[in-house]
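Trainee: Handing over protein16.txt, compact mmCIF, C-alpha atoms.
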```txt
# COMPACT_ATOMS: atom_id res chain seq x y z
CA MET A 1 54.57 -28.20 58.15
CA LYS A 2 56.55 -28.24 54.92
CA PHE A 3 53.52 -29.72 53.15
CA ILE A 4 51.16 -27.03 54.44
CA LYS A 5 53.66 -24.37 53.38
CA LYS A 6 53.72 -25.89 49.91
CA ILE A 7 49.92 -25.75 49.71
CA ILE A 8 49.86 -22.12 50.83
CA ASN A 9 52.51 -21.34 48.22
CA PHE A 10 50.45 -23.16 45.59
CA TYR A 11 47.61 -20.72 46.32
CA PHE A 12 50.02 -17.80 46.09
CA ARG A 13 50.80 -19.01 42.56
CA GLU A 14 47.08 -19.42 41.75
CA TYR A 15 46.38 -15.94 43.10
CA LYS A 16 49.08 -14.48 40.84
CA VAL A 17 47.81 -16.41 37.80
CA ASN A 18 44.21 -15.34 38.39
CA LEU A 19 45.19 -11.75 39.10
CA SER A 20 46.99 -11.59 35.77
CA GLY A 21 43.84 -13.00 34.15
CA ILE A 22 41.48 -10.65 35.98
CA PHE A 23 40.07 -9.39 32.66
CA ASP A 24 38.84 -12.90 31.83
CA ILE A 25 36.94 -13.00 35.14
CA LEU A 26 35.53 -9.52 34.54
CA THR A 27 34.48 -10.56 31.04
CA ASN A 28 32.63 -13.54 32.51
CA ILE A 29 30.79 -11.29 34.97
CA THR A 30 29.98 -8.84 32.16
CA PHE A 31 28.58 -11.78 30.16
CA PHE A 32 26.50 -12.70 33.22
CA PHE A 33 25.01 -9.19 33.57
CA ILE A 34 24.44 -8.62 29.86
CA SER A 35 22.62 -11.96 29.71
CA ILE A 36 20.39 -10.85 32.60
CA PHE A 37 19.49 -7.70 30.66
CA ILE A 38 18.75 -9.77 27.55
CA PHE A 39 16.40 -11.96 29.61
CA ILE A 40 14.67 -8.89 31.05
CA PHE A 41 14.19 -7.46 27.57
CA SER A 42 12.92 -10.77 26.21
CA VAL A 43 10.39 -11.63 28.96
CA GLY A 44 9.29 -8.06 29.59
CA PRO A 45 9.67 -5.71 32.57
CA GLU A 46 6.64 -6.95 34.59
CA LYS A 47 7.65 -7.43 38.23
CA GLU A 48 5.57 -10.57 38.72
CA THR A 49 7.10 -12.36 35.74
CA LEU A 50 10.66 -11.38 36.72
CA SER A 51 10.13 -12.34 40.32
CA LEU A 52 8.74 -15.73 39.24
CA LEU A 53 11.51 -16.50 36.73
CA GLY A 54 14.36 -14.58 38.41
CA VAL A 55 15.95 -17.38 40.42
CA GLY A 56 15.82 -19.81 37.50
CA ILE A 57 17.32 -17.20 35.17
CA LEU A 58 20.16 -16.41 37.61
CA TRP A 59 21.01 -20.07 38.05
CA THR A 60 20.96 -20.80 34.32
CA LEU A 61 23.21 -17.82 33.64
CA LEU A 62 25.62 -18.74 36.42
CA LEU A 63 25.91 -22.15 34.85
CA LEU A 64 26.52 -20.81 31.35
CA SER A 65 28.97 -18.16 32.57
CA SER A 66 30.99 -20.59 34.63
CA THR A 67 31.33 -23.00 31.68
CA LEU A 68 33.10 -20.16 29.83
CA SER A 69 36.01 -20.37 32.25
CA LEU A 70 36.37 -24.16 32.12
CA ARG A 71 38.77 -24.31 29.21
CA LYS A 72 41.49 -22.62 31.26
CA PHE A 73 41.03 -24.88 34.29
CA TYR A 74 44.04 -27.12 33.50
CA GLN A 75 44.87 -26.24 29.90
CA ASP A 76 47.63 -23.64 30.48
CA ASP A 77 49.40 -25.65 33.18
CA PHE A 78 49.16 -28.75 31.03
CA GLU A 79 50.53 -27.14 27.88
CA ASN A 80 53.48 -25.38 29.52
CA GLY A 81 54.52 -28.42 31.56
CA SER A 82 53.72 -26.90 34.97
CA LEU A 83 51.56 -29.90 35.88
CA ILE A 84 54.57 -32.23 35.56
CA VAL A 85 56.80 -29.87 37.53
CA LEU A 86 54.19 -29.57 40.30
CA HIS A 87 53.80 -33.34 40.34
CA LEU A 88 57.56 -33.82 40.64
CA ASN A 89 57.54 -31.43 43.57
CA GLY A 90 55.32 -33.53 45.75
CA PHE A 91 51.84 -32.66 44.48
CA SER A 92 50.00 -35.81 43.45
CA PHE A 93 47.57 -35.41 40.55
CA GLU A 94 44.68 -35.98 42.98
CA LEU A 95 45.94 -33.22 45.27
CA ILE A 96 46.44 -30.88 42.31
CA SER A 97 42.81 -31.41 41.29
CA ILE A 98 41.53 -30.71 44.82
CA LEU A 99 43.65 -27.55 45.12
CA LYS A 100 42.69 -26.38 41.63
CA THR A 101 38.97 -26.95 42.32
CA ILE A 102 39.12 -24.88 45.51
CA SER A 103 41.11 -22.23 43.65
CA HIS A 104 38.49 -22.15 40.85
CA PHE A 105 35.74 -21.78 43.44
CA PHE A 106 37.43 -18.82 45.14
CA PHE A 107 38.89 -17.00 42.17
CA VAL A 108 36.26 -17.66 39.46
CA GLN A 109 32.96 -18.55 41.14
CA PHE A 110 33.22 -16.25 44.14
CA PRO A 111 33.09 -13.02 42.07
CA PHE A 112 29.75 -14.24 40.69
CA MET A 113 28.42 -14.56 44.23
CA MET A 114 29.47 -11.00 44.93
CA SER A 115 27.28 -9.91 42.02
CA ILE A 116 24.13 -11.65 43.34
CA PRO A 117 22.77 -8.60 45.25
CA PHE A 118 22.98 -6.45 42.11
CA ALA A 119 21.45 -9.16 39.95
CA SER A 120 18.67 -9.68 42.53
CA VAL A 121 17.73 -6.00 42.34
CA LEU A 122 17.48 -6.24 38.54
CA LEU A 123 15.22 -9.31 38.73
CA ASP A 124 13.15 -8.09 41.69
CA ILE A 125 14.15 -10.94 43.99
CA SER A 126 13.19 -10.24 47.62
CA LEU A 127 15.84 -9.90 50.33
CA GLU A 128 14.60 -13.05 52.06
CA LYS A 129 14.93 -15.08 48.86
CA MET A 130 18.32 -13.54 48.20
CA TYR A 131 19.81 -15.11 51.35
CA ASP A 132 18.57 -18.54 50.22
CA LEU A 133 19.84 -17.85 46.73
CA PHE A 134 23.26 -16.95 48.14
CA LEU A 135 23.38 -20.16 50.15
CA SER A 136 22.36 -22.27 47.15
CA PHE A 137 24.97 -20.45 45.04
CA VAL A 138 27.74 -21.24 47.55
CA ILE A 139 26.95 -24.96 47.51
CA GLY A 140 25.94 -25.17 43.85
CA SER A 141 28.91 -23.25 42.48
CA PHE A 142 31.29 -25.49 44.43
CA ILE A 143 29.59 -28.49 42.80
CA LEU A 144 30.04 -26.75 39.43
CA SER A 145 33.75 -26.27 40.18
CA CYS A 146 34.09 -30.00 40.92
CA LEU A 147 32.23 -30.90 37.71
CA GLY A 148 34.37 -28.36 35.85
CA SER A 149 37.53 -30.02 37.15
CA ILE A 150 36.42 -33.44 35.93
CA SER A 151 35.27 -32.21 32.52
CA SER A 152 38.38 -30.03 31.95
CA SER A 153 40.72 -32.86 32.84
CA MET A 154 38.76 -35.12 30.46
CA ASN A 155 39.10 -32.44 27.78
CA LEU A 156 42.89 -32.78 27.99
CA LEU A 157 42.43 -36.30 26.66
CA ASN A 158 40.16 -35.11 23.88
CA LYS A 159 41.99 -32.51 21.82
CA ARG A 160 39.44 -32.44 19.00
CA ASN A 161 36.29 -31.35 20.80
CA TYR A 162 36.63 -28.77 23.58
CA LEU A 163 32.87 -28.29 23.88
CA LEU A 164 32.32 -31.86 25.05
CA GLY A 165 33.42 -30.94 28.60
CA SER A 166 30.97 -28.03 28.72
CA VAL A 167 28.16 -30.28 27.49
CA MET A 168 29.01 -32.78 30.23
CA VAL A 169 28.87 -30.06 32.90
CA LEU A 170 25.50 -28.87 31.60
CA VAL A 171 24.03 -32.37 31.68
CA PHE A 172 25.29 -33.21 35.17
CA SER A 173 24.23 -29.85 36.55
CA ILE A 174 20.52 -30.45 35.83
CA PRO A 175 19.87 -32.00 39.29
CA ILE A 176 21.80 -29.16 40.92
CA ILE A 177 19.60 -26.60 39.18
CA ILE A 178 16.44 -28.49 40.14
CA PHE A 179 17.35 -28.65 43.84
CA SER A 180 18.87 -25.16 44.01
CA VAL A 181 15.92 -23.41 42.40
CA GLY A 182 13.53 -25.60 44.40
CA LEU A 183 15.32 -24.58 47.58
CA ILE A 184 14.30 -20.98 47.04
CA ASN A 185 10.86 -21.41 45.46
CA ILE A 186 9.51 -24.29 47.63
CA GLU A 187 9.85 -22.90 51.13
CA ASP A 188 8.39 -25.91 52.98
CA ASN A 189 11.15 -28.25 51.88
CA PHE A 190 14.13 -26.01 52.63
CA ASN A 191 15.90 -28.38 55.04
CA SER A 192 15.46 -31.52 52.96
CA LEU A 193 16.55 -29.78 49.74
CA ILE A 194 19.60 -28.20 51.35
CA ASN A 195 20.57 -31.61 52.71
CA ILE A 196 20.25 -33.12 49.23
CA LEU A 197 22.44 -30.33 47.80
CA ILE A 198 25.08 -30.86 50.50
CA GLY A 199 24.91 -34.60 49.84
CA LEU A 200 25.48 -34.02 46.10
CA LEU A 201 28.39 -31.74 46.96
CA LEU A 202 30.02 -34.37 49.18
CA ILE A 203 29.57 -37.11 46.56
CA ILE A 204 31.02 -35.05 43.72
CA PHE A 205 33.82 -33.67 45.95
CA ALA A 206 34.80 -37.25 46.81
CA ILE A 207 34.72 -38.43 43.19
CA ASN A 208 36.50 -35.37 41.75
CA PRO A 209 40.13 -36.02 42.85
CA TRP A 210 40.14 -39.62 41.64
CA ALA A 211 38.44 -38.89 38.32
CA SER A 212 40.38 -35.69 37.58
CA GLY A 213 43.66 -37.14 38.87
CA ALA A 214 43.34 -40.20 36.63
CA CYS A 215 42.55 -38.03 33.59
CA LEU A 216 45.50 -35.69 34.32
CA LYS A 217 47.85 -38.65 34.64
CA LEU A 218 46.61 -40.17 31.39
CA ALA A 219 46.80 -36.85 29.56
CA ILE A 220 50.42 -36.32 30.64
CA GLN A 221 51.34 -39.87 29.66
CA ASN A 222 49.72 -39.46 26.24
CA ASN A 223 51.22 -36.03 25.59
CA MET B 13 72.02 -43.91 42.84
CA LEU B 14 69.78 -44.33 39.79
CA LEU B 15 69.84 -47.69 38.11
CA ALA B 16 67.67 -48.64 35.14
CA GLN B 17 67.85 -52.28 34.08
CA ASN B 18 66.75 -53.45 30.64
CA ILE B 19 63.92 -50.95 30.36
CA THR B 20 61.70 -51.29 27.31
CA LEU B 21 58.80 -49.06 26.36
CA HIS B 22 55.91 -49.72 24.02
CA ARG B 23 53.36 -47.06 23.14
CA SER B 24 50.27 -47.74 21.04
CA GLY B 25 51.68 -51.14 20.16
CA LYS B 26 54.94 -49.64 18.87
CA GLU B 27 58.31 -50.29 20.44
CA ILE B 28 59.89 -46.95 21.39
CA PHE B 29 63.12 -48.25 22.93
CA LYS B 30 64.37 -51.62 24.09
CA ASP B 31 66.67 -52.94 26.82
CA ILE B 32 68.13 -49.63 27.92
CA ASN B 33 70.53 -49.77 30.85
CA ILE B 34 71.42 -46.64 32.78
CA SER B 35 73.62 -46.25 35.80
CA LEU B 36 73.86 -42.76 37.23
CA GLY B 37 75.69 -41.68 40.34
CA ASP B 38 77.62 -38.82 41.87
CA GLY B 39 79.61 -36.78 39.36
CA LYS B 40 78.25 -38.47 36.25
CA ILE B 41 76.68 -37.00 33.11
CA ILE B 42 74.73 -38.99 30.52
CA ILE B 43 73.63 -37.57 27.20
CA LEU B 44 70.80 -39.17 25.22
CA LYS B 45 71.28 -38.79 21.51
CA GLY B 46 69.08 -39.76 18.61
CA LYS B 47 67.01 -38.55 15.72
CA ASN B 48 63.68 -36.82 16.16
CA GLY B 49 61.11 -39.37 17.35
CA SER B 50 63.75 -41.83 18.51
CA GLY B 51 62.31 -41.84 22.04
CA LYS B 52 64.61 -39.49 23.97
CA THR B 53 61.77 -37.62 25.70
CA SER B 54 59.92 -40.88 26.34
CA LEU B 55 63.03 -42.33 27.99
CA LEU B 56 63.36 -39.24 30.19
CA LYS B 57 59.68 -39.49 31.14
CA THR B 58 60.16 -43.18 31.96
CA ILE B 59 63.08 -42.27 34.22
CA LEU B 60 60.84 -39.67 35.86
CA ASN B 61 58.24 -42.40 36.53
CA ILE B 62 55.67 -40.56 34.40
CA LEU B 63 55.60 -43.35 31.84
CA GLU B 64 55.60 -46.93 33.03
CA PRO B 65 58.12 -49.16 31.24
CA SER B 66 56.70 -52.25 29.48
CA SER B 67 59.51 -54.28 31.03
CA GLY B 68 62.58 -53.62 33.13
CA LEU B 69 63.07 -52.02 36.52
CA ILE B 70 64.28 -48.65 37.76
CA TYR B 71 65.92 -48.30 41.18
CA TRP B 72 66.67 -45.24 43.26
CA LYS B 73 69.14 -45.68 46.11
CA GLY B 74 68.71 -49.45 45.85
CA LYS B 75 64.90 -49.43 46.06
CA LEU B 76 62.39 -49.57 43.23
CA ILE B 77 61.51 -45.95 42.40
CA TYR B 78 57.79 -46.29 43.03
CA LYS B 79 58.62 -47.55 46.53
CA ASN B 80 60.98 -44.63 47.11
CA ILE B 81 59.16 -42.03 45.05
CA ASN B 82 59.08 -39.18 47.61
CA ASP B 83 62.84 -39.29 48.19
CA TYR B 84 63.39 -39.63 44.45
CA TYR B 85 61.30 -36.57 43.58
CA ASN B 86 62.83 -34.60 46.46
CA ASN B 87 66.22 -35.00 44.80
CA LEU B 88 65.20 -34.31 41.22
CA THR B 89 64.75 -31.30 38.95
CA TYR B 90 63.20 -31.68 35.52
CA ILE B 91 63.56 -29.08 32.81
CA ALA B 92 61.24 -29.89 29.92
CA ASP B 93 61.54 -28.64 26.37
CA LYS B 94 58.70 -26.20 27.21
CA THR B 95 58.71 -23.13 29.39
CA THR B 96 56.95 -23.64 32.70
CA SER B 97 57.29 -20.00 33.69
CA LEU B 98 54.04 -18.05 33.64
CA ARG B 99 54.25 -15.99 30.45
CA GLN B 100 51.89 -13.25 31.60
CA LEU B 101 54.03 -12.49 34.68
CA THR B 102 57.40 -10.77 35.03
CA LEU B 103 60.70 -12.56 35.62
CA TYR B 104 60.74 -11.30 39.20
CA GLU B 105 57.21 -12.59 39.89
CA ASN B 106 58.10 -15.98 38.40
CA ILE B 107 61.23 -16.19 40.55
CA LYS B 108 59.14 -15.32 43.61
CA ILE B 109 56.63 -18.08 42.76
CA TRP B 110 59.37 -20.65 42.09
CA ARG B 111 61.16 -19.84 45.35
CA LYS B 112 57.91 -20.37 47.24
CA ILE B 113 56.70 -23.49 45.40
CA PHE B 114 60.10 -25.23 45.64
CA LEU B 115 60.71 -23.97 49.21
CA SER B 116 64.05 -22.72 47.93
CA ASN B 117 66.71 -21.34 50.26
CA VAL B 118 68.66 -19.75 47.41
CA SER B 119 68.82 -16.02 48.15
CA TYR B 120 67.67 -13.26 45.80
CA ASP B 121 71.27 -11.96 45.66
CA GLN B 122 72.50 -15.33 44.37
CA ILE B 123 69.68 -15.39 41.83
CA LYS B 124 70.50 -11.84 40.72
CA ASN B 125 74.14 -12.86 40.20
CA ILE B 126 73.10 -15.77 38.00
CA LEU B 127 70.69 -13.56 36.09
CA SER B 128 73.52 -11.11 35.38
CA ILE B 129 75.75 -14.00 34.17
CA LEU B 130 72.91 -15.08 31.89
CA LYS B 131 72.46 -11.43 30.86
CA LEU B 132 68.86 -11.40 32.02
CA ASP B 133 69.26 -8.97 34.92
CA ASN B 134 67.93 -6.03 32.89
CA TYR B 135 64.68 -7.84 32.16
CA LEU B 136 63.75 -8.54 35.77
CA ASN B 137 60.57 -6.46 35.57
CA GLN B 138 59.62 -7.52 32.07
CA LYS B 139 56.97 -10.10 31.29
CA ILE B 140 58.14 -13.49 30.04
CA ASN B 141 56.12 -13.10 26.83
CA THR B 142 58.36 -10.16 25.84
CA LEU B 143 61.53 -12.31 25.94
CA SER B 144 63.04 -14.11 22.97
CA LEU B 145 62.98 -17.93 22.79
CA GLY B 146 66.63 -18.14 23.84
CA GLU B 147 66.13 -15.79 26.78
CA THR B 148 63.05 -17.75 27.89
CA LYS B 149 65.09 -20.97 27.75
CA LYS B 150 67.90 -19.43 29.81
CA PHE B 151 65.36 -18.23 32.35
CA GLU B 152 63.83 -21.71 32.52
CA LEU B 153 67.28 -23.16 33.25
CA LEU B 154 67.49 -20.84 36.25
CA ARG B 155 65.11 -23.29 37.92
CA LEU B 156 68.05 -25.71 38.25
CA ILE B 157 69.69 -23.29 40.67
CA ILE B 158 66.50 -22.28 42.48
CA GLU B 159 65.39 -25.87 43.09
CA ASN B 160 68.93 -26.79 44.19
CA LYS B 161 68.51 -30.57 43.78
CA LYS B 162 71.10 -33.27 43.19
CA PHE B 163 69.75 -35.00 40.08
CA TRP B 164 69.06 -32.94 36.97
CA VAL B 165 66.93 -34.28 34.10
CA LEU B 166 66.86 -32.02 31.07
CA ASP B 167 65.12 -32.32 27.72
CA GLU B 168 67.00 -30.46 24.95
CA PRO B 169 68.61 -27.85 27.24
CA PHE B 170 70.65 -26.19 24.48
CA THR B 171 67.77 -25.49 22.08
CA ASN B 172 67.57 -21.82 21.04
CA LEU B 173 70.72 -20.89 23.01
CA ASP B 174 73.60 -18.92 21.51
CA PHE B 175 77.22 -20.12 21.74
CA GLU B 176 78.01 -17.99 24.79
CA SER B 177 74.97 -19.25 26.71
CA ILE B 178 75.78 -22.87 25.83
CA LYS B 179 79.25 -22.37 27.35
CA ILE B 180 77.70 -20.98 30.53
CA ILE B 181 75.32 -23.94 30.80
CA GLU B 182 78.18 -26.40 30.18
CA GLN B 183 80.16 -24.74 32.98
CA THR B 184 77.09 -24.96 35.23
CA PHE B 185 76.86 -28.69 34.46
CA LEU B 186 80.54 -29.13 35.34
CA ASP B 187 80.17 -27.22 38.62
CA HIS B 188 77.16 -29.37 39.49
CA VAL B 189 78.89 -32.71 38.86
CA ASN B 190 81.97 -31.46 40.74
CA ASN B 191 79.65 -30.97 43.71
CA ASN B 192 78.56 -34.63 43.47
CA GLY B 193 75.47 -33.88 41.45
CA PHE B 194 74.53 -35.93 38.40
CA ILE B 195 72.78 -35.17 35.16
CA ILE B 196 70.95 -36.88 32.33
CA PHE B 197 69.87 -34.87 29.33
CA SER B 198 68.81 -35.28 25.73
CA SER B 199 70.44 -33.22 23.01
CA HIS B 200 71.34 -33.28 19.36
CA GLN B 201 74.69 -31.69 20.07
CA LYS B 202 77.42 -33.11 22.27
CA PRO B 203 78.55 -30.63 24.90
CA ASP B 204 82.19 -29.69 25.30
CA ILE B 205 82.50 -31.64 28.56
CA LYS B 206 84.87 -34.53 29.19
CA ASN B 207 83.74 -37.98 30.37
CA VAL B 208 80.15 -37.67 29.21
CA GLU B 209 78.55 -41.04 28.66
CA GLU B 210 76.46 -41.32 25.52
CA ILE B 211 73.32 -43.37 25.00
CA ILE B 212 72.35 -43.44 21.35
CA LEU B 213 68.76 -44.41 20.70
CA ASP B 214 68.98 -44.62 16.90
CA LYS B 215 70.93 -47.88 17.11
CA LEU B 216 67.90 -49.71 18.48
```
What does this structure look like when you write it as structure tokens?
Mentor:
Amino acid sequence: MKFIKKIINFYFREYKVNLSGIFDILTNITFFFISIFIFIFSVGPEKETLSLLGVGILWTLLLLSSTLSLRKFYQDDFENGSLIVLHLNGFSFELISILKTISHFFFVQFPFMMSIPFASVLLDISLEKMYDLFLSFVIGSFILSCLGSISSSMNLLNKRNYLLGSVMVLVFSIPIIIFSVGLINIEDNFNSLINILIGLLLIIFAINPWASGACLKLAIQNN
Amino acid sequence: MLLAQNITLHRSGKEIFKDINISLGDGKIIILKGKNGSGKTSLLKTILNILEPSSGLIYWKGKLIYKNINDYYNNLTYIADKTTSLRQLTLYENIKIWRKIFLSNVSYDQIKNILSILKLDNYLNQKINTLSLGETKKFELLRLIIENKKFWVLDEPFTNLDFESIKIIEQTFLDHVNNNGFIIFSSHQKPDIKNVEEIILDKL
């Protein structure tokens, strides 16, 4: 009971931190929408072209926008010593990475999902496709949060090159983009592709705590 | 309660400290002294089980600390030389978060009393990033009271504090050891407290 209370209180802290950084989240969403407009201007306003490219564009932009928020994943808590204090209060590094990943999904990725209906209107994506897109976003963005956790914790060990983590996320997200976009555009294979996406999610969710936890531990030891 | 036997630490092939023995129990205070880079923070981190000693053993209540780690951490508060409070939030919001995270049973009235002793009560609704370094340090030390644990580990607790604040912290230390608590801290200055055991790392 005490442990569950601690976890709930951890999310209260995360909520407060993210609320105070609400402008960062809004900036990310603004980046997302402005990028959509840039794509529309660059490929032209023809409905057929937008409808054909729309899902791919949305997914690419989600990926780029979410990498913007990765630097803050662990950095602040690492630099001010909060990670050590949390660890000394019963949160193992593995647990911290799980809780932080879920927090990133809800507080950073979720606002993007809320913007899908507006983005779909801009790119002429049909209502039917939008439901599939939403589903692929839910699974895919959680995978991105897990990848973000691993790359951000690795970044703590590499103080010289912050972009390396973002590059890693982009490389590992290629299969996610392939299956997520395929899920919407290839209607016959919906069930098999959604199963592959869920499988990828489970694999990366299982790897994340061990990989991130080990990197956090090493980073604190080396600090 | 805490016993460290012949602990030695090497980092990147360099010996940081060698054969350190520490025995800490109810009512005892140990101060770690030494020049910059002499390994004070590393020794504290080794005691906290964050760094693994190259040789030597650390016991908590008669058991090796990694075998008794939950009980050890449940009895320990660590104040680092950094501020763990969230700088973009107010003092009140930080206190609220700390009380929740540490499942503290210290009441808001008690906390307000301490804040008024530390002369921080007027800043309750101000953000941490508007406070001076000394005020931020005093606020960080409030965590000792909120966490309400037996064993205090502090890294440079007197840095940036004025004379009056140092006296208040010294008195807090005394009250804590009189209530069977025990403390280990690193500092360049020796506090005005009797019977403080010194460990000097420069001699190594």
Trainee: Please measure the separation of CA of Gly193 in chain B and CA of Gly39 in chain B, giving the value in Å to one decimal.
Mentor: 5.5 Å
Trainee: Could you list as number ranges by chain every residue that has an atom within 10 Å of (25.7, -21.8, 33.7), using the file's coordinates and counting all atoms listed in the file?
Mentor: A: 32, 57-68, 141, 144, 166, 169-170, 173, 177
Trainee: Neighbours of Ser212 in chain A within 7 Å (all atoms listed in the file; same-chain residues fewer than 6 positions away dropped), as a PyMOL selection string?
Mentor: chain A and resi 94+97+149-150+153
Trainee: Just write the chosen residues, C-alpha atoms, as a compact mmCIF listing (two decimals), keeping the file's coordinate frame.
Mentor:
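Output saved as result.txt:
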```txt
# COMPACT_ATOMS: atom_id res chain seq x y z
CA GLU A 94 44.68 -35.98 42.98
CA SER A 97 42.81 -31.41 41.29
CA SER A 149 37.53 -30.02 37.15
CA ILE A 150 36.42 -33.44 35.93
CA SER A 153 40.72 -32.86 32.84
```
Trainee: Kindly determine which residues of chain B lie within 8 Å of chain A, considering only C-alpha atoms, and give the answer as a VMD selection string.
Mentor: chain B and resid 62 to 63 82 85 to 86 88 to 90 92 94 to 98 100 to 101 109 112 to 115
Trainee: For CA of Ser35 in chain A and CA of Ile139 in chain A, determine how far apart the two atoms are, in Å to one decimal place.
Mentor: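 Rounded to one decimal, the two atoms are 22.5 Å apart.
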Trainee: Could you tell me which of A:Pro117, A:Gly140, A:Gly199, A:Pro111 comes closest to Ile22 in chain A if we count only C-alpha atoms?
Mentor: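 Distance minimum relative to Ile22 in chain A lands on A:Pro111.
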Trainee: Name the closest residue to Ile91 in chain B among the candidates B:Lys75, B:Lys30, B:His188, B:Lys150; distances are taken between atoms, counting only C-alpha atoms.
Mentor: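 Smallest separation from Ile91 in chain B among the options: B:Lys150.
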Trainee: Would you please work out which residue, of B:Ile70, B:Val189, B:Leu103, B:Val165, is nearest to Phe151 in chain B when using all atoms listed in the file?
Mentor: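 Checking each of B:Ile70, B:Val189, B:Leu103, B:Val165 against Phe151 in chain B, counting all atoms listed in the file, the winner is B:Leu103.
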Trainee: Return as JSON the centre and edge lengths, in Å with one decimal, of the box along x, y and z that encloses every atom of range 2-15 of chain A in the file, padded by 5 Å per side.
Mentor:
```
{"center_x": 51.5, "center_y": -22.8, "center_z": 48.3, "size_x": 20.2, "size_y": 23.8, "size_z": 23.2}
```
Trainee: Within 7 Å of (17.7, -14.1, 38.1), in the coordinates the file gives, what residues turn up when you count only C-alpha atoms, written out as an MDAnalysis selection string?
Mentor: chainID A and resid 36 53:59 119:120 123
Trainee: Which polymer residues have any atom within 9 Å of an atom of Glu168 in chain B, counting all atoms listed in the file, with same-chain residues fewer than 6 positions away left out, as a CSV table (one decimal) with C-alpha atoms, in the coordinates of the input?
Mentor:
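Final output, part-v5.csv:
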```csv
chain,number,residue,atom,x,y,z
B,53,THR,CA,61.8,-37.6,25.7
B,91,ILE,CA,63.6,-29.1,32.8
B,92,ALA,CA,61.2,-29.9,29.9
B,93,ASP,CA,61.5,-28.6,26.4
B,197,PHE,CA,69.9,-34.9,29.3
B,198,SER,CA,68.8,-35.3,25.7
B,199,SER,CA,70.4,-33.2,23.0
B,200,HIS,CA,71.3,-33.3,19.4
```
Trainee: Please report the interatomic distance between CA of Ser119 in chain B and CA of Pro203 in chain B in Å with one decimal.
Mentor: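 Result for CA of Ser119 in chain B versus CA of Pro203 in chain B: 29.1 Å, one decimal.
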Trainee: What's the 8 Å shell around Ser67 in chain B, counting all atoms listed in the file, without same-chain residues fewer than 4 positions away, as a count of residues only?
Mentor: 4
Trainee: Fewer than 3 positions away in the same chain doesn't count, so skip those; otherwise give me all residues within 10 Å of range 45-47 of chain B, counting all atoms listed in the file, as a list in words.
Mentor: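 Returned residues: Ile42, Ser50, Gly51, Lys52, Glu168, Phe197, Ser198, Ser199, His200, Gln201, Lys202, Glu210, Ile211, Ile212, Leu213, Asp214 and Lys215 of chain B.
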Trainee: What lies within 10 Å of Leu14 in chain B using only C-alpha atoms, ignoring chain neighbours under 3 positions off, as a PyMOL selection string?
Mentor: chain B and resi 17+34-38+59+70-77+84+163+194
Trainee: Using only C-alpha atoms, which residue out of B:Asp83, B:Asp167, B:Glu209, B:Glu64 lies closest to Ile41 in chain B?
Mentor: B:Glu209
